[in-house]
Amino acid sequence: MSLPLASPSFPDPSGAVGGALGPGTSREERLAAVRQLQSAIAGRQGHRIPDRALSVDPEFAEVLEHGALQMGRSYEVHGSVAFSLALAAQATRRGSWAAVIGFPELGAEAVSQLGVNLAQVVFIPSPGPHWLNVTSALVGNVDIVILDPGKDAPRNQKAPAPNGKLSQFNAKLRQANTVLLAHSPWLHASEVFRVSTRAWEGLGRGHGRLRACEFNVSAQSRTSHRSRSLSVRLDPSHQNSHGTQRSEEWVTQTG
């Protein structure tokens, strides 16, 4: 099952927003659709949560250097969109908005089973080459952005982007207190996570309900220059015990 372009309860009954964000549409059509999303989100959320950090489910608190997602910061994630969704899950259940941009193969049921509140999520599976403009337009309207630019990602962020757009985007993230989970190299990321999924429980060959999954995570902080490796077990049903096992304590890198 493919994810819709907007969440199931999102106010877009005609499908106009979804169609305008699909492949083959112009930049103007995409930005107009994003503005419509901005208005709809603003009308539903009342006000944004003023906290400086977004809590995560307990089993993931050990993964993050500060035990929570620090608002206004970016994080670089490699290997698992499920990991990023699990990090965002508690925030969506507490009323925060999230945007998932650039993951056309995600399935709505699987996202929900990771504990994400779909009513608080906007999905844009195919932002196209204007992904930065689309994403930037949503910054400040949502609390978390999970982004995969795909083939349109900048190959070398050390080289200046045209008109300094990437620098402007990172500054906007900080000012708007939006969290970015980037699934591509991101020069200004506070932490970098390399994730592999060790085990899934409850899923057969493309069917079944997820009971638990286990991630191996290698985490590196670019602010404190420390790294560690962990094994994280997630029980989406929250009916069983869950926890994080450290396989390596925080250590200061020497190289």
# chains A, B, ... in the order shown; residues from 1 in each chain; ligands from 1
$ closest_atom_pairs --of "segment 59-143 of chain A" --to "segment 220-239 of chain A" --cutoff "8 Å" --atoms "only C-alpha atoms" --output "CSV"
residue,atom,partner,partner_atom,distance
A:Glu59,CA,A:Val232,CA,6.6
A:Phe60,CA,A:Val232,CA,7.1
A:Val63,CA,A:Leu230,CA,7.2
A:Glu65,CA,A:Ser221,CA,7.3
A:Gln113,CA,A:Pro236,CA,5.9
A:Leu114,CA,A:Pro236,CA,5.3
A:Gly115,CA,A:Pro236,CA,5.7
$ write_last_selection --atoms "N, CA, C and O atoms" --output "compact mmCIF listing (two decimals), in the first residue's frame"
# COMPACT_ATOMS: atom_id res chain seq x y z
N GLU A 59 12.76 4.24 24.42
CA GLU A 59 13.83 3.39 23.91
C GLU A 59 14.79 4.12 22.98
O GLU A 59 15.88 3.63 22.68
N PHE A 60 14.39 5.33 22.51
CA PHE A 60 15.25 6.09 21.61
C PHE A 60 15.94 7.26 22.31
O PHE A 60 16.78 7.91 21.69
N VAL A 63 19.63 7.09 22.27
CA VAL A 63 20.29 7.24 20.97
C VAL A 63 20.76 8.67 20.76
O VAL A 63 21.84 8.92 20.20
N GLU A 65 22.10 12.40 21.73
CA GLU A 65 23.09 12.91 22.69
C GLU A 65 22.43 13.63 23.86
O GLU A 65 22.86 13.50 25.01
N GLN A 113 2.17 1.67 12.26
CA GLN A 113 2.61 0.64 13.21
C GLN A 113 3.89 1.04 13.94
O GLN A 113 4.20 0.48 14.98
N LEU A 114 4.60 2.01 13.42
CA LEU A 114 5.80 2.52 14.11
C LEU A 114 5.42 3.51 15.21
O LEU A 114 6.29 4.06 15.87
N GLY A 115 4.12 3.74 15.40
CA GLY A 115 3.66 4.62 16.46
C GLY A 115 3.39 6.05 16.03
O GLY A 115 3.11 6.91 16.86
$ select_by_dssp --residues "segment 85-239 of chain A" --states "strand (DSSP E or B)" --output "number ranges by chain"
A: 98-101, 121-124, 139, 142, 144-147, 179-182, 191-201, 212-221, 226-234
$ closest_residue --among "A:Lys165, A:Arg93, A:Lys151, A:His78" --to "Val195 of chain A" --atoms "only C-alpha atoms"
A:His78
$ atom_distance --atom1 "atom CA of Val100 of chain A" --atom2 "atom CA of Val192 of chain A"
18.7 Å
$ closest_residue --among "A:Val122, A:Leu187, A:Ala219, A:Ala91" --to "Leu64 of chain A" --atoms "only C-alpha atoms"
A:Ala219
$ closest_residue --among "A:Val134, A:Gln175, A:Leu180, A:Ile124" --to "Ile146 of chain A" --atoms "only C-alpha atoms"
A:Leu180
$ select_by_dssp --residues "segment 86-141 of chain A" --states "alpha helix (DSSP H)" --output "PyMOL selection string"
chain A and resi 86-93+108-113+131-138
$ write_last_selection --atoms "C-alpha atoms" --output "short mmCIF file (atom, residue, chain, number, x, y, z; two decimals), in the first residue's frame"
data_model
loop_
_atom_site.label_atom_id
_atom_site.label_comp_id
_atom_site.auth_asym_id
_atom_site.auth_seq_id
_atom_site.Cartn_x
_atom_site.Cartn_y
_atom_site.Cartn_z
CA ALA A 86 10.24 6.08 15.13
CA LEU A 87 12.15 9.15 16.37
CA ALA A 88 9.26 11.39 15.31
CA ALA A 89 6.48 9.12 16.58
CA GLN A 90 5.98 10.47 20.10
CA ALA A 91 6.00 14.09 18.93
CA THR A 92 3.21 13.39 16.44
CA ARG A 93 1.16 11.67 19.13
CA ALA A 108 0.76 4.05 5.46
CA GLU A 109 0.04 0.99 7.58
CA ALA A 110 3.73 0.40 8.27
CA VAL A 111 4.21 4.05 9.26
CA SER A 112 1.25 3.84 11.64
CA GLN A 113 2.61 0.64 13.21
CA TRP A 131 12.69 19.80 -3.16
CA LEU A 132 14.53 22.58 -1.32
CA ASN A 133 11.84 25.18 -2.11
CA VAL A 134 9.06 22.77 -1.18
CA THR A 135 10.77 21.81 2.09
CA SER A 136 11.65 25.39 2.97
CA ALA A 137 8.04 26.44 2.52
CA LEU A 138 6.96 23.94 5.17
#
$ closest_residue --among "A:Ala171, A:Ala119, A:Ile144, A:Ala182" --to "Ala53 of chain A" --atoms "only C-alpha atoms"
A:Ile144
$ atom_distance --atom1 "atom CA of Met71 of chain A" --atom2 "atom CA of Asp57 of chain A"
16.2 Å
$ atom_distance --atom1 "atom CA of Asp143 of chain A" --atom2 "atom CA of Ser167 of chain A"
19.3 Å
